[in-house]
file upload36.cif (mmCIF, C-alpha atoms)
data_protein
#
loop_
_atom_site.label_atom_id
_atom_site.label_comp_id
_atom_site.auth_asym_id
_atom_site.auth_seq_id
_atom_site.Cartn_x
_atom_site.Cartn_y
_atom_site.Cartn_z
CA MET R 12 25.29 -87.08 97.97
CA ARG R 13 22.56 -86.24 95.49
CA THR R 14 19.68 -84.26 97.00
CA GLU R 15 16.57 -86.34 97.70
CA ASN R 16 13.14 -84.70 97.90
CA TYR R 17 10.22 -85.73 100.08
CA SER R 18 6.95 -84.26 101.28
CA ILE R 19 6.18 -83.91 104.98
CA LYS R 20 3.00 -82.67 106.63
CA LYS R 21 3.00 -80.07 109.41
CA PRO R 22 1.93 -82.54 112.16
CA SER R 23 4.74 -84.84 111.05
CA ILE R 24 7.26 -82.04 111.48
CA GLU R 25 6.17 -81.69 115.11
CA LYS R 26 6.43 -85.47 115.50
CA LEU R 27 9.94 -85.36 114.04
CA PHE R 28 10.92 -82.82 116.68
CA ASP R 29 9.48 -85.04 119.42
CA ASN R 30 11.33 -88.08 118.09
CA LEU R 31 14.66 -86.24 118.10
CA ALA R 32 14.04 -84.98 121.63
CA GLU R 33 13.09 -88.47 122.84
CA ARG R 34 16.39 -89.79 121.47
CA GLY R 35 18.20 -87.44 123.83
CA LYS R 36 19.30 -84.83 121.29
CA THR R 37 20.05 -81.35 122.58
CA ILE R 38 17.91 -79.03 120.47
CA TYR R 39 18.47 -75.33 119.81
CA ALA R 40 15.64 -73.49 118.11
CA PRO R 41 14.17 -69.97 117.76
CA LYS R 42 12.42 -69.02 121.01
CA ASN R 43 10.64 -65.84 122.07
CA ASN R 44 12.66 -63.84 124.57
CA GLY R 45 10.79 -60.64 125.36
CA GLU R 46 10.51 -58.71 122.12
CA ARG R 47 13.27 -60.71 120.48
CA VAL R 48 13.58 -64.21 119.08
CA LEU R 49 16.77 -66.02 120.05
CA PHE R 50 18.34 -69.38 119.33
CA GLN R 51 17.99 -71.12 122.68
CA LYS R 52 17.92 -74.64 124.05
CA ILE R 53 14.37 -76.03 124.12
CA LYS R 54 12.78 -79.35 125.04
CA ASN R 55 9.25 -79.03 123.68
CA PHE R 56 7.95 -78.07 120.24
CA GLY R 57 5.53 -75.62 121.85
CA GLU R 58 8.40 -73.49 123.17
CA MET R 59 9.40 -72.53 119.65
CA ALA R 60 8.69 -69.08 118.24
CA GLY R 61 5.99 -68.85 115.60
CA ASP R 62 6.55 -66.24 112.92
CA TYR R 63 10.06 -64.82 112.81
CA LEU R 64 12.33 -63.43 110.13
CA VAL R 65 15.67 -64.32 111.68
CA THR R 66 16.78 -64.67 115.27
CA ALA R 67 18.51 -61.72 116.92
CA ASN R 68 21.54 -63.87 117.68
CA SER R 69 23.27 -66.15 115.22
CA ALA R 70 23.66 -69.91 115.30
CA LYS R 71 27.47 -69.81 115.54
CA GLU R 72 27.26 -69.94 119.34
CA VAL R 73 26.25 -73.61 119.08
CA VAL R 74 29.68 -74.53 117.69
CA PHE R 75 31.73 -71.49 118.76
CA PRO R 76 30.59 -70.43 122.27
CA ARG R 77 31.02 -66.89 123.57
CA TYR R 78 33.59 -68.23 125.98
CA GLU R 79 34.92 -71.74 126.46
CA LYS R 80 37.64 -73.58 128.29
CA VAL R 81 40.63 -74.40 126.10
CA PHE R 82 42.25 -76.37 128.90
CA SER R 83 42.76 -76.30 132.65
CA TYR R 84 45.82 -77.30 134.65
CA LYS R 85 46.73 -78.33 138.15
CA LYS R 86 50.17 -78.50 139.71
CA THR R 87 50.84 -81.60 141.79
CA GLU R 88 53.88 -83.17 143.41
CA ASP R 89 54.16 -85.44 140.38
CA GLY R 90 54.00 -82.66 137.81
CA ILE R 91 51.32 -80.70 135.98
CA LEU R 92 48.00 -82.31 135.09
CA ILE R 93 46.29 -80.97 131.95
CA ASP R 94 42.55 -81.32 131.39
CA ASP R 95 41.74 -80.98 127.69
CA PRO R 96 37.98 -80.61 127.03
CA ALA R 97 38.50 -81.66 123.40
CA ASP R 98 39.12 -85.19 124.70
CA ILE R 99 35.60 -85.40 126.17
CA PRO R 100 32.83 -86.72 123.87
CA PHE R 101 30.63 -83.89 122.60
CA PRO R 102 26.83 -84.30 122.68
CA GLU R 103 24.74 -84.61 119.53
CA VAL R 104 23.04 -81.27 118.92
CA VAL R 105 20.19 -80.32 116.59
CA LEU R 106 19.89 -76.80 115.22
CA TRP R 107 16.20 -76.55 114.38
CA GLY R 108 14.60 -73.69 112.46
CA SER R 109 17.74 -72.04 111.16
CA ARG R 110 17.40 -69.93 108.04
CA PRO R 111 19.42 -70.67 104.88
CA CYS R 112 21.77 -67.79 105.72
CA ASP R 113 22.44 -69.28 109.17
CA ALA R 114 23.21 -72.67 107.68
CA ALA R 115 25.39 -71.22 104.91
CA ALA R 116 27.49 -69.43 107.54
CA PHE R 117 28.87 -72.76 108.75
CA ILE R 118 30.83 -73.07 105.50
CA PRO R 119 33.11 -70.01 105.94
CA LEU R 120 33.16 -70.58 109.71
CA THR R 121 34.40 -74.13 109.19
CA ASN R 122 37.03 -72.87 106.74
CA ILE R 123 38.33 -70.55 109.45
CA PHE R 124 38.64 -73.27 112.08
CA GLU R 125 39.66 -76.20 109.87
CA GLN R 126 41.36 -74.97 106.69
CA ASP R 127 44.92 -74.46 107.93
CA TYR R 128 44.67 -76.16 111.29
CA THR R 129 41.88 -78.27 112.76
CA ASP R 130 40.50 -76.68 115.90
CA ASN R 131 39.24 -79.72 117.78
CA LEU R 132 36.80 -77.82 119.98
CA TYR R 133 35.03 -76.39 116.94
CA SER R 134 35.43 -79.48 114.77
CA ASN R 135 33.97 -81.88 117.34
CA ARG R 136 30.91 -79.69 117.83
CA ARG R 137 30.39 -79.26 114.09
CA LYS R 138 30.62 -83.01 113.42
CA ASN R 139 27.92 -83.66 116.01
CA LEU R 140 25.60 -80.92 114.72
CA LEU R 141 22.47 -81.67 112.69
CA VAL R 142 21.17 -78.59 110.83
CA LEU R 143 17.44 -78.59 110.01
CA SER R 144 16.66 -75.33 108.23
CA PHE R 145 13.50 -73.65 106.97
CA SER R 146 13.37 -71.54 103.81
CA CYS R 147 12.43 -67.87 104.03
CA ASP R 148 9.03 -66.78 102.74
CA THR R 149 9.55 -63.18 103.83
CA CYS R 150 12.42 -60.69 104.06
CA ASP R 151 13.09 -57.09 105.05
CA GLU R 152 15.21 -54.19 103.81
CA PHE R 153 18.30 -55.54 105.59
CA CYS R 154 18.34 -58.94 103.84
CA PHE R 155 20.82 -59.35 100.97
CA CYS R 156 21.60 -63.07 100.81
CA THR R 157 21.20 -63.08 97.02
CA SER R 158 24.10 -60.60 96.74
CA VAL R 159 26.56 -63.04 98.33
CA ASN R 160 25.69 -66.17 96.33
CA GLY R 161 22.97 -67.26 98.75
CA GLY R 162 19.21 -67.18 98.64
CA PRO R 163 16.00 -67.70 100.64
CA GLY R 164 15.92 -71.35 99.56
CA ASN R 165 19.66 -72.01 99.50
CA THR R 166 20.59 -75.51 100.70
CA ALA R 167 24.29 -74.89 101.50
CA GLY R 168 25.20 -75.86 105.05
CA SER R 169 21.87 -77.55 105.84
CA ASP R 170 21.35 -81.27 106.33
CA ILE R 171 17.63 -80.93 105.59
CA LEU R 172 15.88 -77.85 104.22
CA PHE R 173 12.12 -77.53 104.68
CA THR R 174 10.07 -75.22 102.46
CA LYS R 175 6.40 -74.54 103.14
CA LEU R 176 4.26 -75.05 100.03
CA SER R 177 0.91 -73.53 99.08
CA THR R 178 -0.86 -76.74 100.20
CA GLY R 179 0.39 -76.29 103.77
CA ASP R 180 2.69 -79.29 103.44
CA PHE R 181 6.46 -78.93 103.34
CA LEU R 182 9.06 -79.90 100.78
CA ALA R 183 11.92 -81.66 102.58
CA GLU R 184 15.22 -81.54 100.70
CA ILE R 185 17.63 -84.15 102.06
CA ILE R 186 21.08 -82.75 101.36
CA THR R 187 23.59 -84.78 103.39
CA GLU R 188 24.10 -88.25 104.83
CA LYS R 189 23.13 -86.84 108.23
CA GLY R 190 19.83 -85.74 106.74
CA LYS R 191 19.33 -89.10 105.06
CA LYS R 192 19.80 -90.82 108.41
CA VAL R 193 16.95 -88.72 109.85
CA VAL R 194 14.65 -89.99 107.10
CA GLU R 195 15.76 -93.59 107.64
CA GLU R 196 15.04 -93.30 111.38
CA ASN R 197 11.61 -91.72 110.77
CA PRO R 198 10.34 -93.33 107.55
CA SER R 199 6.63 -92.97 108.36
CA LEU R 200 6.90 -89.17 108.53
CA PHE R 201 8.23 -88.60 105.02
CA GLU R 202 6.11 -89.08 101.90
CA ALA R 203 6.71 -89.00 98.14
CA SER R 204 8.20 -85.85 96.65
CA PRO R 205 5.61 -83.12 95.98
CA THR R 206 4.98 -81.93 92.43
CA GLU R 207 4.95 -78.25 93.42
CA GLU R 208 8.22 -76.34 92.94
CA LYS R 209 9.53 -74.38 95.91
CA GLU R 210 10.58 -71.21 94.05
CA GLY R 211 7.09 -69.70 94.06
CA ASN R 212 6.96 -69.95 97.85
CA LEU R 213 10.22 -68.13 98.59
CA ALA R 214 10.83 -64.52 99.59
CA LYS R 215 11.87 -62.13 96.84
CA VAL R 216 15.22 -60.83 98.06
CA GLU R 217 16.60 -57.97 95.99
CA THR R 218 20.16 -58.32 94.73
CA ARG R 219 22.00 -55.18 95.88
CA PHE R 220 25.52 -55.74 94.51
CA ASN R 221 27.74 -58.22 92.71
CA GLN R 222 30.05 -60.06 95.11
CA ASP R 223 32.66 -60.82 92.43
CA GLU R 224 32.84 -57.17 91.36
CA ILE R 225 33.26 -56.00 94.96
CA GLN R 226 36.02 -58.55 95.54
CA ALA R 227 37.89 -57.37 92.45
CA LYS R 228 37.64 -53.67 93.34
CA LEU R 229 38.53 -53.76 97.02
CA HIS R 230 42.31 -54.08 96.63
CA GLU R 231 42.33 -50.69 94.87
CA LEU R 232 40.41 -48.94 97.65
CA PHE R 233 42.64 -49.49 100.68
CA GLU R 234 43.39 -45.77 101.09
CA ASP R 235 39.98 -44.51 100.00
CA PRO R 236 38.48 -41.75 102.21
CA LEU R 237 35.19 -43.65 102.12
CA TRP R 238 36.31 -45.78 105.09
CA ALA R 239 36.53 -42.77 107.39
CA GLU R 240 33.28 -41.36 106.06
CA LYS R 241 31.24 -44.53 106.50
CA SER R 242 32.64 -45.33 109.95
CA ARG R 243 32.19 -41.85 111.44
CA ALA R 244 29.11 -42.89 113.43
CA CYS R 245 30.67 -46.16 114.66
CA LEU R 246 30.79 -46.48 118.47
CA GLY R 247 33.14 -49.46 118.43
CA CYS R 248 30.66 -51.40 120.57
CA GLY R 249 31.07 -54.75 118.78
CA SER R 250 27.35 -55.41 118.41
CA CYS R 251 27.76 -56.20 114.70
CA VAL R 252 30.44 -58.78 115.42
CA PHE R 253 28.61 -60.56 118.21
CA VAL R 254 25.44 -61.10 116.14
CA CYS R 255 27.31 -62.02 112.95
CA PRO R 256 27.13 -65.75 112.11
CA VAL R 257 30.60 -65.72 110.53
CA CYS R 258 32.79 -63.38 112.63
CA SER R 259 35.24 -65.50 114.58
CA CYS R 260 37.76 -63.16 116.24
CA PHE R 261 38.66 -64.33 119.72
CA ASP R 262 40.91 -63.46 122.64
CA ILE R 263 42.70 -65.78 125.04
CA GLN R 264 42.42 -65.18 128.79
CA ASP R 265 44.34 -67.05 131.49
CA GLU R 266 42.79 -67.32 134.95
CA ALA R 267 45.33 -68.51 137.52
CA HIS R 268 44.46 -69.47 141.09
CA GLY R 269 47.63 -70.54 142.83
CA SER R 270 48.38 -74.12 141.84
CA HIS R 271 45.58 -74.40 139.29
CA GLY R 272 44.14 -72.36 136.47
CA THR R 273 42.17 -72.23 133.25
CA ARG R 274 42.77 -70.90 129.77
CA LEU R 275 39.64 -69.44 128.15
CA ARG R 276 38.79 -68.49 124.60
CA CYS R 277 36.41 -65.52 124.43
CA TRP R 278 34.78 -63.68 121.55
CA ASP R 279 36.57 -60.51 120.48
CA SER R 280 36.10 -57.92 117.75
CA CYS R 281 38.36 -56.35 115.15
CA GLY R 282 36.28 -53.22 115.76
CA PHE R 283 37.67 -52.80 119.29
CA SER R 284 40.58 -50.39 119.71
CA LEU R 285 42.40 -52.91 121.93
CA PHE R 286 42.23 -55.66 119.32
CA THR R 287 45.40 -54.56 117.51
CA LEU R 288 47.01 -52.49 120.26
CA HIS R 289 50.68 -53.45 120.68
CA ALA R 290 52.49 -53.61 124.01
CA SER R 291 54.56 -50.64 122.82
CA GLY R 292 51.42 -48.52 122.59
CA HIS R 293 51.43 -48.51 118.79
CA ASN R 294 48.16 -49.42 117.09
CA PRO R 295 48.31 -50.24 113.34
CA ARG R 296 44.56 -49.60 113.14
CA PRO R 297 44.38 -46.36 115.12
CA ASP R 298 40.82 -45.30 114.28
CA GLN R 299 37.40 -46.73 113.45
CA GLY R 300 37.95 -46.07 109.75
CA ALA R 301 40.87 -48.50 109.67
CA ARG R 302 38.91 -51.04 111.71
CA TRP R 303 35.82 -50.76 109.53
CA ARG R 304 38.03 -51.22 106.46
CA GLN R 305 39.47 -54.39 107.98
CA ARG R 306 35.98 -55.76 108.63
CA ILE R 307 34.82 -55.18 105.05
CA LEU R 308 38.07 -56.36 103.43
CA HIS R 309 38.15 -59.50 105.54
CA LYS R 310 34.61 -60.46 104.59
CA PHE R 311 34.57 -59.46 100.94
CA ARG R 312 38.21 -59.77 99.83
CA TYR R 313 40.52 -61.77 102.10
CA MET R 314 38.19 -64.70 102.79
CA PRO R 315 36.97 -65.07 99.18
CA ASP R 316 40.58 -64.91 97.98
CA LYS R 317 41.65 -67.68 100.35
CA SER R 318 38.69 -70.04 100.48
CA LYS R 319 36.44 -68.94 97.56
CA VAL R 320 33.60 -68.13 99.99
CA ALA R 321 32.67 -64.67 101.29
CA GLY R 322 32.74 -64.00 105.02
CA CYS R 323 29.21 -62.62 104.86
CA VAL R 324 25.92 -64.44 104.24
CA GLY R 325 23.68 -61.38 103.90
CA CYS R 326 21.56 -62.02 107.00
CA GLY R 327 21.48 -58.29 107.87
CA ARG R 328 21.91 -58.83 111.62
CA CYS R 329 24.77 -56.35 111.88
CA SER R 330 22.66 -53.56 110.40
CA ARG R 331 19.58 -54.38 112.48
CA SER R 332 21.56 -54.40 115.73
CA CYS R 333 23.74 -51.30 115.20
CA PRO R 334 22.81 -48.61 117.77
CA ALA R 335 24.24 -45.95 115.46
CA GLY R 336 22.17 -47.05 112.48
CA ILE R 337 25.14 -48.09 110.32
CA ASN R 338 24.07 -50.35 107.46
CA ILE R 339 26.75 -52.53 105.90
CA LEU R 340 24.91 -52.29 102.58
CA ASP R 341 25.56 -48.53 102.47
CA THR R 342 29.30 -49.15 102.54
CA VAL R 343 29.38 -52.07 100.13
CA THR R 344 27.08 -50.47 97.55
CA ALA R 345 29.06 -47.22 97.78
CA LEU R 346 32.21 -49.17 96.98
#

call {"tool": "encode", "arguments": {"input": "upload36.cif", "output": "structure tokens"}}
result
Amino acid sequence: MRTENYSIKKPSIEKLFDNLAERGKTIYAPKNNGERVLFQKIKNFGEMAGDYLVTANSAKEVVFPRYEKVFSYKKTEDGILIDDPADIPFPEVVLWGSRPCDAAAFIPLTNIFEQDYTDNLYSNRRKNLLVLSFSCDTCDEFCFCTSVNGGPGNTAGSDILFTKLSTGDFLAEIITEKGKKVVEENPSLFEASPTEEKEGNLAKVETRFNQDEIQAKLHELFEDPLWAEKSRACLGCGSCVFVCPVCSCFDIQDEAHGSHGTRLRCWDSCGFSLFTLHASGHNPRPDQGARWRQRILHKFRYMPDKSKVAGCVGCGRCSRSCPAGINILDTVTAL
């Protein structure tokens, strides 16, 4: 649909939250957790974090949990009973306060789980997810959304994007039919479109590299010694993967208890040595250099080649969380 613009006052935004909560929506929003801000389930507007750049964790957990039941089974005298959680109705969930990079990540993530084969667990959650994002008015040295075709006011992946204006009011960009339904259900909260443009109220995020140039060069650099050099400090801990809003590697675990059991899907990482270890003992990615290369190639070459969208949204979480101080920008700009 064509984007529709409205103005909404700050008290009306709080009222919108209350209305969604009163309608029984499950709401995830940025919440203070010690020194960090995390996406967590909240019930009241007052629980939400105030000033924050981005959350320490990503929003992918709302649609792709750290671990989830794929199915369970039970042996009976009449046969085997299968319980498929994808057959159970999924609740309507609101992601409130996501940044444009968080929202944009749902595009490559959805490509992964729906492009070749529809993963019903993911798909059902995504269909029932309402994404209400807020533009960025500040950034730090780790942000590079503008280098991967994003931006601090990018609307991709959001249903509604709010941008704070100099007046204190917010521009509300209604991007999807889901967003339009929110306006129709809360007509008294939304006013005529403001005359002020949003661009002057957005963070100035420096463009560090050209995504198209990187994509074109990477196929020539498979054997480059740079991979070993840039990964030398890597501990293989997986921190970068677990905070990334796009990484989707998973493992399958079976838990059997006599006549019944459960199959689980759990987050995994291509940076782990066990990820590609064969039963024979051979490992086609024997060192961190090979694993780091896979991570970069997957995000900046393989995914753009296949689905025309990079596997990175420039949120900078991987670099902020790395205990060894590895910055993905150092590798990409060096390339």

call {"tool": "resolve_selection", "arguments": {"input": "upload36.cif", "expression": "the PyMOL selection byres ((chain R and resi 40) around 9)", "output": "list in words"}}
result
Ile38, Tyr39, Pro41, Lys42, Leu49, Phe50, Gln51, Lys52, Ile53, Glu58, Met59, Ala60, Val105, Leu106, Trp107, Gly108 and Ser109 of chain R

call {"tool": "residues_around", "arguments": {"input": "upload36.cif", "residues": "R:Ser318", "least_positions_apart": "6", "cutoff": "12 Å", "atoms": "all atoms listed in the file", "output": "ChimeraX atom specification"}}
result
/R:118-123,125-127,309-312

call {"tool": "write_last_selection", "arguments": {"input": "upload36.cif", "atoms": "C-alpha atoms", "output": "mmCIF file, in the coordinates of the input"}}
result
data_model
loop_
_atom_site.group_PDB
_atom_site.id
_atom_site.type_symbol
_atom_site.label_atom_id
_atom_site.label_comp_id
_atom_site.auth_asym_id
_atom_site.auth_seq_id
_atom_site.Cartn_x
_atom_site.Cartn_y
_atom_site.Cartn_z
ATOM 1 C CA ILE R 118 30.830 -73.070 105.500
ATOM 2 C CA PRO R 119 33.110 -70.010 105.940
ATOM 3 C CA LEU R 120 33.160 -70.580 109.710
ATOM 4 C CA THR R 121 34.400 -74.130 109.190
ATOM 5 C CA ASN R 122 37.030 -72.870 106.740
ATOM 6 C CA ILE R 123 38.330 -70.550 109.450
ATOM 7 C CA GLU R 125 39.660 -76.200 109.870
ATOM 8 C CA GLN R 126 41.360 -74.970 106.690
ATOM 9 C CA ASP R 127 44.920 -74.460 107.930
ATOM 10 C CA HIS R 309 38.150 -59.500 105.540
ATOM 11 C CA LYS R 310 34.610 -60.460 104.590
ATOM 12 C CA PHE R 311 34.570 -59.460 100.940
ATOM 13 C CA ARG R 312 38.210 -59.770 99.830
#

call {"tool": "resolve_selection", "arguments": {"input": "upload36.cif", "expression": "the PyMOL selection byres ((chain R and resi 32) around 12)", "output": "PyMOL selection string"}}
result
chain R and resi 25-31+33-39+52-56+103-107

call {"tool": "axis_aligned_box", "arguments": {"input": "upload36.cif", "around": "stretch 107-117 of chain R", "padding_each_side": "3 Å", "output": "JSON"}}
result
{"center_x": 21.7, "center_y": -72.2, "center_z": 109.6, "size_x": 20.3, "size_y": 14.8, "size_z": 15.5}

call {"tool": "residues_near_point", "arguments": {"input": "upload36.cif", "point": "(33.8, -71.3, 127.0)", "cutoff": "10 Å", "atoms": "all atoms listed in the file", "output": "mmCIF file with C-alpha atoms, in the frame of the given file"}}
result
data_model
loop_
_atom_site.group_PDB
_atom_site.id
_atom_site.type_symbol
_atom_site.label_atom_id
_atom_site.label_comp_id
_atom_site.auth_asym_id
_atom_site.auth_seq_id
_atom_site.Cartn_x
_atom_site.Cartn_y
_atom_site.Cartn_z
ATOM 1 C CA PHE R 75 31.730 -71.490 118.760
ATOM 2 C CA PRO R 76 30.590 -70.430 122.270
ATOM 3 C CA ARG R 77 31.020 -66.890 123.570
ATOM 4 C CA TYR R 78 33.590 -68.230 125.980
ATOM 5 C CA GLU R 79 34.920 -71.740 126.460
ATOM 6 C CA LYS R 80 37.640 -73.580 128.290
ATOM 7 C CA VAL R 81 40.630 -74.400 126.100
ATOM 8 C CA ARG R 274 42.770 -70.900 129.770
ATOM 9 C CA LEU R 275 39.640 -69.440 128.150
ATOM 10 C CA ARG R 276 38.790 -68.490 124.600
ATOM 11 C CA CYS R 277 36.410 -65.520 124.430
ATOM 12 C CA TRP R 278 34.780 -63.680 121.550
#

call {"tool": "atom_distance", "arguments": {"input": "upload36.cif", "atom1": "atom CA of R:Val142", "atom2": "atom CA of R:Phe201"}}
result
17.4 Å

call {"tool": "resolve_selection", "arguments": {"input": "upload36.cif", "expression": "the PyMOL selection byres ((chain R and resi 150) around 9)", "output": "PyMOL selection string"}}
result
chain R and resi 64+147-149+151-154+163+214-216

call {"tool": "write_last_selection", "arguments": {"input": "upload36.cif", "atoms": "C-alpha atoms", "output": "PDB file, in the frame of the given file"}}
result
ATOM      1  CA  LEU R  64      12.330 -63.430 110.130  1.00  0.00           C
ATOM      2  CA  CYS R 147      12.430 -67.870 104.030  1.00  0.00           C
ATOM      3  CA  ASP R 148       9.030 -66.780 102.740  1.00  0.00           C
ATOM      4  CA  THR R 149       9.550 -63.180 103.830  1.00  0.00           C
ATOM      5  CA  ASP R 151      13.090 -57.090 105.050  1.00  0.00           C
ATOM      6  CA  GLU R 152      15.210 -54.190 103.810  1.00  0.00           C
ATOM      7  CA  PHE R 153      18.300 -55.540 105.590  1.00  0.00           C
ATOM      8  CA  CYS R 154      18.340 -58.940 103.840  1.00  0.00           C
ATOM      9  CA  PRO R 163      16.000 -67.700 100.640  1.00  0.00           C
ATOM     10  CA  ALA R 214      10.830 -64.520  99.590  1.00  0.00           C
ATOM     11  CA  LYS R 215      11.870 -62.130  96.840  1.00  0.00           C
ATOM     12  CA  VAL R 216      15.220 -60.830  98.060  1.00  0.00           C
TER      13      VAL R 216
END

call {"tool": "atom_distance", "arguments": {"input": "upload36.cif", "atom1": "atom CA of R:Asp95", "atom2": "atom CA of R:Asn68"}}
result
28.3 Å

call {"tool": "residues_around", "arguments": {"input": "upload36.cif", "residues": "R:Ser146", "least_positions_apart": "4", "cutoff": "8 Å", "atoms": "all atoms listed in the file", "output": "PyMOL selection string"}}
result
chain R and resi 110-111+163-165+172-175+213

call {"tool": "write_last_selection", "arguments": {"input": "upload36.cif", "atoms": "C-alpha atoms", "output": "PDB file, in the frame of the given file"}}
result
ATOM      1  CA  ARG R 110      17.400 -69.930 108.040  1.00  0.00           C
ATOM      2  CA  PRO R 111      19.420 -70.670 104.880  1.00  0.00           C
ATOM      3  CA  PRO R 163      16.000 -67.700 100.640  1.00  0.00           C
ATOM      4  CA  GLY R 164      15.920 -71.350  99.560  1.00  0.00           C
ATOM      5  CA  ASN R 165      19.660 -72.010  99.500  1.00  0.00           C
ATOM      6  CA  LEU R 172      15.880 -77.850 104.220  1.00  0.00           C
ATOM      7  CA  PHE R 173      12.120 -77.530 104.680  1.00  0.00           C
ATOM      8  CA  THR R 174      10.070 -75.220 102.460  1.00  0.00           C
ATOM      9  CA  LYS R 175       6.400 -74.540 103.140  1.00  0.00           C
ATOM     10  CA  LEU R 213      10.220 -68.130  98.590  1.00  0.00           C
TER      11      LEU R 213
END

call {"tool": "closest_residue", "arguments": {"input": "upload36.cif", "among": "R:Tyr128, R:Phe101, R:Tyr133, R:Trp238", "to": "R:Ser259", "atoms": "all atoms listed in the file"}}
result
R:Tyr133

call {"tool": "closest_atom_pairs", "arguments": {"input": "upload36.cif", "of": "stretch 162-242 of chain R", "to": "stretch 290-304 of chain R", "cutoff": "10 Å", "atoms": "all atoms listed in the file", "output": "JSON lines"}}
result
{"residue": "R:Leu229", "atom": "CA", "partner": "R:Arg304", "partner_atom": "CA", "distance": 9.8}
{"residue": "R:Leu232", "atom": "CA", "partner": "R:Arg304", "partner_atom": "CA", "distance": 9.4}
{"residue": "R:Phe233", "atom": "CA", "partner": "R:Arg304", "partner_atom": "CA", "distance": 7.6}
{"residue": "R:Glu234", "atom": "CA", "partner": "R:Arg304", "partner_atom": "CA", "distance": 9.3}
{"residue": "R:Asp235", "atom": "CA", "partner": "R:Arg304", "partner_atom": "CA", "distance": 9.5}
{"residue": "R:Pro236", "atom": "CA", "partner": "R:Gly300", "partner_atom": "CA", "distance": 8.7}
{"residue": "R:Leu237", "atom": "CA", "partner": "R:Gly300", "partner_atom": "CA", "distance": 8.5}
{"residue": "R:Trp238", "atom": "CA", "partner": "R:Gly300", "partner_atom": "CA", "distance": 4.9}
{"residue": "R:Ala239", "atom": "CA", "partner": "R:Gly300", "partner_atom": "CA", "distance": 4.3}
{"residue": "R:Glu240", "atom": "CA", "partner": "R:Gly300", "partner_atom": "CA", "distance": 7.6}
{"residue": "R:Lys241", "atom": "CA", "partner": "R:Gly300", "partner_atom": "CA", "distance": 7.6}
{"residue": "R:Ser242", "atom": "CA", "partner": "R:Gly300", "partner_atom": "CA", "distance": 5.4}

call {"tool": "closest_residue", "arguments": {"input": "upload36.cif", "among": "R:Ser134, R:Val343, R:Asp180, R:Arg331", "to": "R:Glu224", "atoms": "all atoms listed in the file"}}
result
R:Val343

call {"tool": "residues_around", "arguments": {"input": "upload36.cif", "residues": "R:Thr344", "least_positions_apart": "4", "cutoff": "8 Å", "atoms": "only C-alpha atoms", "output": "ChimeraX atom specification"}}
result
/R:219-220,340

call {"tool": "residues_around", "arguments": {"input": "upload36.cif", "residues": "R:Cys329", "least_positions_apart": "4", "cutoff": "7 Å", "atoms": "all atoms listed in the file", "output": "short mmCIF file (atom, residue, chain, number, x, y, z; two decimals) with C-alpha atoms, in the coordinates of the input"}}
result
data_model
loop_
_atom_site.label_atom_id
_atom_site.label_comp_id
_atom_site.auth_asym_id
_atom_site.auth_seq_id
_atom_site.Cartn_x
_atom_site.Cartn_y
_atom_site.Cartn_z
CA CYS R 251 27.76 -56.20 114.70
CA VAL R 254 25.44 -61.10 116.14
CA CYS R 255 27.31 -62.02 112.95
CA CYS R 333 23.74 -51.30 115.20
#

call {"tool": "closest_residue", "arguments": {"input": "upload36.cif", "among": "R:Cys323, R:Leu132, R:Ala167, R:Ile91", "to": "R:Val73", "atoms": "all atoms listed in the file"}}
result
R:Leu132

call {"tool": "closest_residue", "arguments": {"input": "upload36.cif", "among": "R:Ser332, R:Thr166, R:Ser270, R:Lys228", "to": "R:Thr87", "atoms": "only C-alpha atoms"}}
result
R:Ser270

call {"tool": "decode", "arguments": {"input": "upload36.cif", "residues": "stretch 271-294 of chain R", "atoms": "C-alpha atoms", "output": "PDB file, in the first residue's frame"}}
result
ATOM      1  CA  HIS R 271       7.634 -40.199  24.607  1.00  0.00           C
ATOM      2  CA  GLY R 272       9.963 -37.477  23.460  1.00  0.00           C
ATOM      3  CA  THR R 273      10.438 -34.040  21.950  1.00  0.00           C
ATOM      4  CA  ARG R 274      12.345 -32.623  19.010  1.00  0.00           C
ATOM      5  CA  LEU R 275      13.785 -29.160  19.680  1.00  0.00           C
ATOM      6  CA  ARG R 276      15.205 -26.495  17.419  1.00  0.00           C
ATOM      7  CA  CYS R 277      17.977 -24.492  19.110  1.00  0.00           C
ATOM      8  CA  TRP R 278      20.105 -21.570  17.988  1.00  0.00           C
ATOM      9  CA  ASP R 279      23.533 -22.531  16.675  1.00  0.00           C
ATOM     10  CA  SER R 280      26.473 -20.676  15.156  1.00  0.00           C
ATOM     11  CA  CYS R 281      28.602 -21.137  12.059  1.00  0.00           C
ATOM     12  CA  GLY R 282      31.431 -19.823  14.250  1.00  0.00           C
ATOM     13  CA  PHE R 283      31.404 -22.952  16.422  1.00  0.00           C
ATOM     14  CA  SER R 284      33.934 -25.658  15.575  1.00  0.00           C
ATOM     15  CA  LEU R 285      31.247 -28.345  15.933  1.00  0.00           C
ATOM     16  CA  PHE R 286      28.930 -26.688  13.426  1.00  0.00           C
ATOM     17  CA  THR R 287      30.544 -28.326  10.386  1.00  0.00           C
ATOM     18  CA  LEU R 288      32.280 -31.247  12.097  1.00  0.00           C
ATOM     19  CA  HIS R 289      31.559 -34.502  10.235  1.00  0.00           C
ATOM     20  CA  ALA R 290      31.017 -37.855  11.919  1.00  0.00           C
ATOM     21  CA  SER R 291      34.288 -38.974  10.317  1.00  0.00           C
ATOM     22  CA  GLY R 292      36.168 -36.298  12.235  1.00  0.00           C
ATOM     23  CA  HIS R 293      36.777 -34.180   9.135  1.00  0.00           C
ATOM     24  CA  ASN R 294      35.890 -30.499   9.401  1.00  0.00           C
TER      25      ASN R 294
END
